[in-house]
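Participant: This is start20.cif (mmCIF, C-alpha atoms).
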```cif
data_start
loop_
_atom_site.label_atom_id
_atom_site.label_comp_id
_atom_site.auth_asym_id
_atom_site.auth_seq_id
_atom_site.Cartn_x
_atom_site.Cartn_y
_atom_site.Cartn_z
CA MET A 1 -36.10 -44.86 -61.78
CA ALA A 2 -34.20 -48.13 -62.17
CA ASN A 3 -33.85 -50.56 -59.30
CA PRO A 4 -30.65 -49.67 -57.46
CA LEU A 5 -27.69 -52.00 -57.59
CA GLU A 6 -27.88 -54.03 -54.44
CA HIS A 7 -24.23 -54.06 -53.44
CA CYS A 8 -21.34 -51.61 -53.32
CA ALA A 9 -19.20 -54.30 -54.96
CA ALA A 10 -21.40 -54.20 -58.07
CA CYS A 11 -21.25 -50.40 -58.04
CA VAL A 12 -17.44 -50.40 -57.87
CA GLU A 13 -17.22 -53.02 -60.62
CA LEU A 14 -19.16 -50.82 -63.05
CA LEU A 15 -17.48 -47.58 -62.07
CA GLY A 16 -14.86 -47.54 -64.82
CA GLU A 17 -17.38 -47.72 -67.62
CA TYR A 18 -19.71 -45.33 -65.78
CA ILE A 19 -17.02 -42.65 -65.46
CA ASP A 20 -16.01 -43.11 -69.10
CA GLY A 21 -19.64 -42.78 -70.21
CA SER A 22 -19.74 -46.20 -71.86
CA LEU A 23 -22.07 -47.95 -69.42
CA PRO A 24 -25.47 -48.82 -70.95
CA PRO A 25 -28.10 -46.29 -69.76
CA GLU A 26 -30.14 -48.78 -67.72
CA ARG A 27 -27.03 -49.93 -65.83
CA ALA A 28 -25.96 -46.31 -65.29
CA GLU A 29 -29.40 -45.54 -63.83
CA ALA A 30 -29.18 -48.54 -61.48
CA LEU A 31 -25.73 -47.38 -60.39
CA GLU A 32 -26.95 -43.82 -59.81
CA ALA A 33 -29.89 -45.18 -57.81
CA HIS A 34 -27.39 -47.02 -55.59
CA LEU A 35 -25.30 -43.86 -55.21
CA SER A 36 -28.37 -41.91 -54.08
CA LEU A 37 -28.68 -44.34 -51.17
CA CYS A 38 -25.03 -44.95 -50.34
CA PRO A 39 -22.77 -42.10 -49.10
CA PRO A 40 -19.67 -44.36 -48.90
CA CYS A 41 -19.99 -45.09 -52.61
CA ILE A 42 -20.35 -41.39 -53.40
CA THR A 43 -17.08 -40.79 -51.57
CA PHE A 44 -15.58 -43.71 -53.45
CA VAL A 45 -16.63 -42.28 -56.83
CA ARG A 46 -15.23 -38.86 -55.99
CA THR A 47 -11.87 -40.22 -54.89
CA TYR A 48 -11.76 -42.53 -57.93
CA LYS A 49 -12.22 -39.51 -60.18
CA ALA A 50 -9.72 -37.45 -58.17
CA THR A 51 -7.15 -40.22 -58.66
CA ARG A 52 -7.39 -39.79 -62.43
CA ALA A 53 -7.20 -36.00 -62.21
CA LEU A 54 -4.15 -36.04 -59.92
CA CYS A 55 -2.26 -38.53 -62.06
CA ARG A 56 -3.06 -36.65 -65.23
CA HIS A 57 -1.85 -33.40 -63.71
CA LYS A 58 1.36 -34.94 -62.43
CA LEU A 59 2.27 -37.21 -65.32
CA ALA A 60 1.12 -35.45 -68.50
CA ARG A 61 3.98 -35.01 -70.98
CA GLU A 62 4.25 -32.86 -74.07
CA MET A 63 6.54 -33.86 -76.88
CA PRO A 64 9.73 -31.80 -76.36
CA ALA A 65 10.48 -29.22 -79.07
CA GLU A 66 14.00 -30.58 -79.59
CA LEU A 67 12.57 -34.03 -80.26
CA LYS A 68 10.25 -32.60 -82.91
CA ILE A 69 13.24 -30.96 -84.56
CA SER A 70 15.37 -34.11 -84.45
CA LEU A 71 12.51 -36.12 -85.97
CA GLN A 72 12.19 -33.63 -88.82
CA VAL A 73 15.95 -33.72 -89.44
CA PHE A 74 15.91 -37.52 -89.42
CA LEU A 75 13.00 -37.75 -91.87
CA ALA A 76 14.48 -35.08 -94.15
CA LYS A 77 17.59 -37.27 -94.42
CA ASN A 78 15.73 -40.52 -95.00
CA VAL A 79 12.56 -39.69 -96.92
CA PRO A 80 13.08 -38.37 -100.46
CA GLY A 81 11.55 -34.94 -100.97
CA TYR A 82 10.49 -34.62 -97.31
CA ARG A 83 9.91 -31.08 -96.18
CA THR A 84 8.89 -29.80 -92.79
CA PRO A 85 5.29 -28.61 -92.51
CA GLY A 86 4.22 -25.69 -90.33
CA ASP A 87 4.24 -27.12 -86.83
CA GLY A 88 0.93 -27.43 -85.06
CA ASP A 89 -1.50 -27.00 -87.95
CA GLY A 90 -4.02 -29.76 -87.74
CA GLU A 91 -1.92 -31.61 -85.20
CA LYS A 92 -3.73 -34.04 -82.97
CA ASN A 93 -3.65 -33.24 -79.27
CA MET B 1 -26.67 -36.63 -58.30
CA ALA B 2 -23.25 -35.17 -57.70
CA ASP B 3 -21.28 -37.36 -60.04
CA THR B 4 -21.90 -37.86 -63.71
CA PRO B 5 -19.80 -39.50 -66.41
CA THR B 6 -16.96 -37.45 -67.82
CA ARG B 7 -17.63 -36.06 -71.30
CA THR B 8 -15.08 -34.84 -73.81
CA ALA B 9 -14.48 -31.15 -73.20
CA PRO B 10 -14.93 -28.78 -76.17
CA ALA B 11 -11.27 -27.79 -75.86
CA GLU B 12 -10.36 -31.40 -76.58
CA GLN B 13 -12.31 -31.46 -79.83
CA ARG B 14 -10.30 -33.46 -82.30
CA ALA B 15 -8.73 -31.76 -85.29
CA GLU B 16 -10.66 -33.97 -87.72
CA GLU B 17 -13.92 -32.42 -86.50
CA GLN B 18 -12.82 -28.91 -87.41
CA PRO B 19 -13.93 -27.24 -90.68
CA GLY B 20 -11.48 -27.36 -93.59
CA HIS B 21 -9.65 -30.33 -92.16
CA VAL B 22 -8.19 -32.69 -94.78
CA PRO B 23 -8.88 -36.25 -93.63
CA ASP B 24 -5.99 -38.67 -93.13
CA VAL B 25 -7.32 -40.88 -95.90
CA GLU B 26 -6.76 -38.11 -98.50
CA LEU B 27 -3.28 -37.32 -97.24
CA VAL B 28 -2.42 -41.02 -97.30
CA ARG B 29 -3.60 -41.25 -100.91
CA ASP B 30 -1.46 -38.23 -101.85
CA ALA B 31 1.54 -39.62 -99.97
CA GLN B 32 1.12 -42.97 -101.72
CA GLY B 33 1.23 -41.03 -104.99
CA GLY B 34 4.64 -39.61 -104.05
CA ASP B 35 3.66 -36.37 -102.30
CA ALA B 36 6.22 -36.15 -99.51
CA GLY B 37 4.51 -33.00 -98.25
CA ALA B 38 1.37 -34.99 -97.54
CA PHE B 39 3.45 -37.50 -95.59
CA ALA B 40 5.04 -34.64 -93.64
CA GLU B 41 1.54 -33.41 -92.79
CA LEU B 42 0.65 -36.87 -91.46
CA VAL B 43 3.81 -36.86 -89.35
CA GLY B 44 2.97 -33.46 -87.90
CA ARG B 45 -0.55 -34.60 -87.18
CA HIS B 46 0.32 -37.83 -85.34
CA GLN B 47 3.74 -37.24 -83.82
CA ARG B 48 2.50 -36.16 -80.38
CA GLN B 49 0.32 -39.21 -79.78
CA LEU B 50 2.98 -41.50 -81.19
CA TYR B 51 5.53 -39.91 -78.88
CA ARG B 52 3.27 -40.54 -75.88
CA LEU B 53 2.74 -44.14 -76.89
CA ALA B 54 6.48 -44.69 -77.34
CA LEU B 55 7.30 -42.95 -74.07
CA ARG B 56 4.73 -44.93 -72.07
CA MET B 57 5.81 -48.23 -73.55
CA THR B 58 9.56 -47.76 -73.21
CA GLY B 59 9.63 -45.49 -70.15
CA SER B 60 12.58 -43.61 -71.63
CA GLU B 61 12.83 -40.35 -73.53
CA ALA B 62 15.84 -41.57 -75.53
CA ASP B 63 14.09 -44.80 -76.52
CA ALA B 64 10.92 -42.90 -77.39
CA GLN B 65 12.92 -40.73 -79.79
CA GLU B 66 14.35 -43.75 -81.58
CA VAL B 67 11.02 -45.54 -81.67
CA LEU B 68 9.41 -42.47 -83.18
CA GLN B 69 12.03 -42.17 -85.93
CA GLU B 70 11.90 -45.88 -86.71
CA ALA B 71 8.10 -45.93 -86.72
CA PHE B 72 7.69 -43.03 -89.14
CA LEU B 73 10.39 -44.36 -91.45
CA ASN B 74 8.76 -47.82 -91.39
CA ALA B 75 5.38 -46.24 -92.06
CA TYR B 76 6.80 -44.37 -95.05
CA GLN B 77 8.38 -47.54 -96.46
CA LYS B 78 5.21 -49.61 -95.90
CA LEU B 79 2.85 -46.92 -97.12
CA PRO B 80 2.33 -48.53 -100.56
CA ASN B 81 0.95 -51.61 -98.74
CA PHE B 82 -1.54 -49.64 -96.63
CA ARG B 83 -4.97 -50.49 -98.02
CA GLY B 84 -7.06 -48.37 -95.69
CA GLU B 85 -8.85 -51.29 -94.05
CA ALA B 86 -7.95 -49.84 -90.66
CA GLN B 87 -7.66 -46.19 -89.71
CA PHE B 88 -4.27 -44.75 -90.59
CA SER B 89 -3.71 -43.78 -86.94
CA SER B 90 -4.37 -47.35 -85.75
CA TRP B 91 -1.98 -48.70 -88.38
CA LEU B 92 0.66 -46.17 -87.30
CA TYR B 93 0.21 -46.95 -83.58
CA ARG B 94 0.66 -50.63 -84.30
CA ILE B 95 3.93 -49.97 -86.17
CA ALA B 96 5.21 -47.82 -83.30
CA ALA B 97 4.08 -50.33 -80.66
CA ASN B 98 5.90 -53.13 -82.49
CA SER B 99 9.01 -51.03 -82.67
CA ALA B 100 8.80 -50.26 -78.93
CA LEU B 101 8.22 -53.94 -78.08
CA MET B 102 11.21 -55.06 -80.12
CA ARG B 103 13.35 -52.51 -78.36
CA LEU B 104 12.11 -53.67 -74.95
CA ARG B 105 12.74 -57.30 -75.80
CA ARG B 106 16.25 -56.57 -76.96
CA LYS B 107 16.94 -54.78 -73.71
CA ARG B 108 15.44 -57.34 -71.40
CA ARG B 109 15.93 -60.47 -73.44
CA ALA B 110 12.42 -61.36 -72.38
CA PRO B 111 10.12 -62.99 -74.93
CA ASP B 112 7.00 -61.03 -74.07
CA ALA B 113 6.89 -57.55 -72.66
CA LEU B 114 3.12 -57.26 -72.50
CA THR B 115 1.65 -60.44 -71.12
CA ASP B 116 -0.73 -61.14 -68.30
CA GLN B 117 1.10 -60.91 -65.05
CA PRO B 118 -0.46 -62.87 -62.21
CA LEU B 119 0.05 -60.04 -59.75
CA GLU B 120 -2.58 -59.18 -57.21
CA LEU B 121 -3.50 -55.54 -57.49
CA GLN B 122 -4.73 -53.84 -54.38
CA GLY B 123 -8.32 -52.66 -54.52
CA PRO B 124 -11.24 -51.91 -52.22
CA ARG B 125 -12.42 -54.56 -49.77
CA PHE B 126 -16.00 -55.66 -49.29
CA SER B 127 -17.98 -57.37 -46.54
CA ALA B 128 -19.67 -60.71 -47.17
CA GLU B 129 -22.78 -58.68 -48.06
CA GLY B 130 -20.87 -56.70 -50.71
CA SER B 131 -20.61 -53.41 -48.82
CA LEU B 132 -17.42 -51.34 -48.82
CA GLU B 133 -15.47 -52.39 -45.73
CA PRO B 134 -14.10 -50.31 -44.26
CA ALA B 135 -16.24 -47.56 -45.74
CA PRO B 136 -14.15 -44.63 -47.05
CA LEU B 137 -13.72 -42.37 -44.02
CA SER B 138 -12.87 -39.13 -45.73
CA ASP B 139 -13.62 -37.52 -49.05
CA TRP B 140 -10.05 -36.56 -49.89
CA SER B 141 -11.04 -35.50 -53.40
CA GLN B 142 -11.63 -31.99 -51.96
CA ARG B 143 -8.10 -31.81 -50.57
CA ALA B 144 -6.67 -33.26 -53.77
CA ASP B 145 -7.39 -30.02 -55.65
CA GLU B 146 -5.49 -28.00 -53.06
CA LYS B 147 -2.55 -30.36 -53.10
CA MET B 148 -2.04 -30.53 -56.88
CA MET B 149 1.40 -28.91 -56.60
CA ASP B 150 2.46 -30.72 -53.42
CA ARG B 151 5.87 -32.36 -53.85
CA GLU B 152 5.14 -35.21 -51.44
CA LEU B 153 1.94 -36.00 -53.29
CA GLY B 154 3.88 -35.97 -56.56
CA LYS B 155 6.27 -38.52 -55.10
CA ALA B 156 3.38 -40.67 -53.89
CA ILE B 157 1.84 -40.61 -57.38
CA ASP B 158 5.16 -41.57 -59.02
CA GLN B 159 5.59 -44.46 -56.60
CA ALA B 160 2.02 -45.68 -56.95
CA VAL B 161 2.16 -45.65 -60.75
CA ALA B 162 5.61 -47.26 -60.80
CA GLY B 163 4.23 -50.02 -58.58
CA LEU B 164 1.64 -51.10 -61.12
CA PRO B 165 2.37 -54.13 -63.31
CA GLU B 166 3.73 -52.86 -66.62
CA ASP B 167 0.80 -53.73 -68.83
CA TYR B 168 -1.66 -52.11 -66.41
CA ARG B 169 0.52 -49.03 -66.10
CA THR B 170 0.83 -48.59 -69.86
CA VAL B 171 -2.93 -48.82 -70.39
CA PHE B 172 -3.61 -46.40 -67.52
CA LEU B 173 -1.10 -43.82 -68.74
CA LEU B 174 -2.25 -43.98 -72.35
CA LYS B 175 -5.90 -43.61 -71.42
CA ASP B 176 -6.12 -41.40 -68.35
CA VAL B 177 -3.01 -39.26 -68.80
CA ASP B 178 -2.55 -39.14 -72.58
CA GLY B 179 -6.18 -39.37 -73.66
CA LEU B 180 -6.01 -42.20 -76.22
CA SER B 181 -9.30 -44.02 -76.79
CA ASN B 182 -9.85 -47.60 -75.65
CA GLU B 183 -9.89 -48.66 -79.30
CA GLU B 184 -6.59 -46.92 -80.07
CA ILE B 185 -4.96 -48.56 -77.06
CA ALA B 186 -6.38 -51.97 -77.96
CA ASP B 187 -5.03 -51.64 -81.52
CA ALA B 188 -1.60 -50.50 -80.40
CA LEU B 189 -1.13 -53.10 -77.67
CA ASP B 190 -2.91 -55.93 -79.48
CA LEU B 191 -5.53 -56.27 -76.73
CA THR B 192 -9.29 -56.53 -76.86
CA VAL B 193 -11.28 -53.45 -75.81
CA PRO B 194 -12.76 -55.34 -72.79
CA ALA B 195 -9.20 -56.23 -71.72
CA VAL B 196 -8.22 -52.55 -71.97
CA LYS B 197 -11.24 -51.54 -69.88
CA SER B 198 -10.53 -54.19 -67.28
CA ARG B 199 -6.86 -53.27 -66.89
CA LEU B 200 -7.70 -49.59 -66.77
CA HIS B 201 -10.27 -50.05 -64.02
CA ARG B 202 -8.05 -52.29 -61.93
CA ALA B 203 -5.15 -49.87 -62.29
CA ARG B 204 -7.37 -46.96 -61.18
CA LEU B 205 -8.61 -48.93 -58.17
CA ALA B 206 -5.07 -49.81 -57.12
CA LEU B 207 -3.92 -46.19 -57.52
CA ARG B 208 -6.94 -44.92 -55.58
CA GLU B 209 -5.97 -47.19 -52.69
CA LYS B 210 -2.40 -45.88 -52.70
CA LEU B 211 -3.46 -42.24 -52.86
CA GLY B 212 -6.05 -42.92 -50.15
CA GLU B 213 -3.19 -44.10 -47.94
CA PHE B 214 -1.32 -40.87 -48.71
CA PHE B 215 -4.33 -38.79 -47.70
CA GLY B 216 -4.81 -40.90 -44.55
CA GLU B 217 -8.02 -42.60 -45.67
#
```
Just dump the structure as structure tokens.
Facilitator:
Amino acid sequence: MANPLEHCAACVELLGEYIDGSLPPERAEALEAHLSLCPPCITFVRTYKATRALCRHKLAREMPAELKISLQVFLAKNVPGYRTPGDGDGEKN
Amino acid sequence: MADTPTRTAPAEQRAEEQPGHVPDVELVRDAQGGDAGAFAELVGRHQRQLYRLALRMTGSEADAQEVLQEAFLNAYQKLPNFRGEAQFSSWLYRIAANSALMRLRRKRRAPDALTDQPLELQGPRFSAEGSLEPAPLSDWSQRADEKMMDRELGKAIDQAVAGLPEDYRTVFLLKDVDGLSNEEIADALDLTVPAVKSRLHRARLALREKLGEFFGE
């Protein structure tokens, strides 16, 4: 077990990378060791994650169907030989 | 340990990882050879993410539509010059981001739309010893699930996000709402990856404070 981070401030500073999974393992272990000793930081982590989830739920936008159509019409007019592919196949999410 | 890093869910597996998928690099080669169908396939593949980028940068559906059209037409015209040194998606994002920035500048007559803004973002406070002060009183993450559809909460989220400085807001929306990678955002906005991470984290901290106020933390 790694030595825990000494301060909550250090824990909060590393939280972004920890949540995204990009924190080096030894730093992640030190952060987790701090969390195991610090209930306020556990609450902080949970509410930090909930913030992301709430915003994603509220603000996620799909590309409107009419905009897809207008883009296809525009490209068909401006790109020689352009033809519309089947929508959705292989499309990135 | 209750909290672990978030991993990519299987449902979010990218199309390029699926069997039978033709990589962008092959479609680009075909399109460069005059195959308009291959270009159409690239459009279909990248239009959603490009739309999100354009929408987040301009903040307007109408502007996003024009940026998208301009970006794909520019990409088609510049395709012979694409040498494949960068990923096609990064190259495309950069074209769209430039188009969005030019549109913003024309509207605002401001020289730089995405620059460092010396605004103080709210975040947690700490004691001299580095402890959270005041300590979070309530774990409102439990109530957050129940309130997903709450109209007042929706308003609070809109206000909190609107209150972020623009360059922090754009990074936050692209990453946490739209799911672009740090590298994709850095390429599109001409930032370093550490700068993306820093802005993202500070934006999340500021939003957490605002939502904490809503939940009576």
Participant: Evaluate the PyMOL selection byres ((chain B and resi 23-37) around 6) on the structure here and hand back the selected residues as a ChimeraX atom specification.
Facilitator: /A:81-82 /B:22,38-40,80
Participant: Just so the selection is clear, what residues does the PyMOL selection byres ((chain A) within 6 of (chain B)) cover here, as a PyMOL selection string?
Facilitator: chain A and resi 7-9+16+18-21+40+43+46-48+50-51+56+60+63+81-82+90-92
Participant: Just how far from atom CA of B:Asp63 is atom CA of A:Ile69, in Å to one decimal?
Facilitator: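 The value is 16.0 Å.
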Participant: With only C-alpha atoms as the basis for distance, which of A:Leu75, A:Ala33, A:Cys41, A:Ala28 is at the shortest distance from A:Val12?
Facilitator: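 Comparing A:Leu75, A:Ala33, A:Cys41, A:Ala28 against A:Val12, the winner is A:Cys41.
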Participant: Please evaluate the PyMOL selection byres ((chain A and resi 30) around 9) against the displayed coordinates and give the resulting residues as a ChimeraX atom specification.
Facilitator: /A:1-5,11,25-29,31-35
Participant: Using only C-alpha atoms, can you tell me which of B:Leu164, B:Ala75, B:Ala54, B:Leu101 comes closest to B:Leu121?
Facilitator: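 Looking at the shortest contact to B:Leu121, the residue is B:Leu164.
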Participant: Name all residues at most 7 Å from B:Arg199 (count all atoms listed in the file; drop same-chain ones fewer than 3 positions away) and give them as a ChimeraX atom specification.
Facilitator: /B:168,171,195-196,202-203
Participant: Expressed in Å to a single decimal, how great is the separation between atom CA of B:Arg94 and atom CA of B:Leu189?
Facilitator: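 Computing it gives 7.3 Å between the two atoms.
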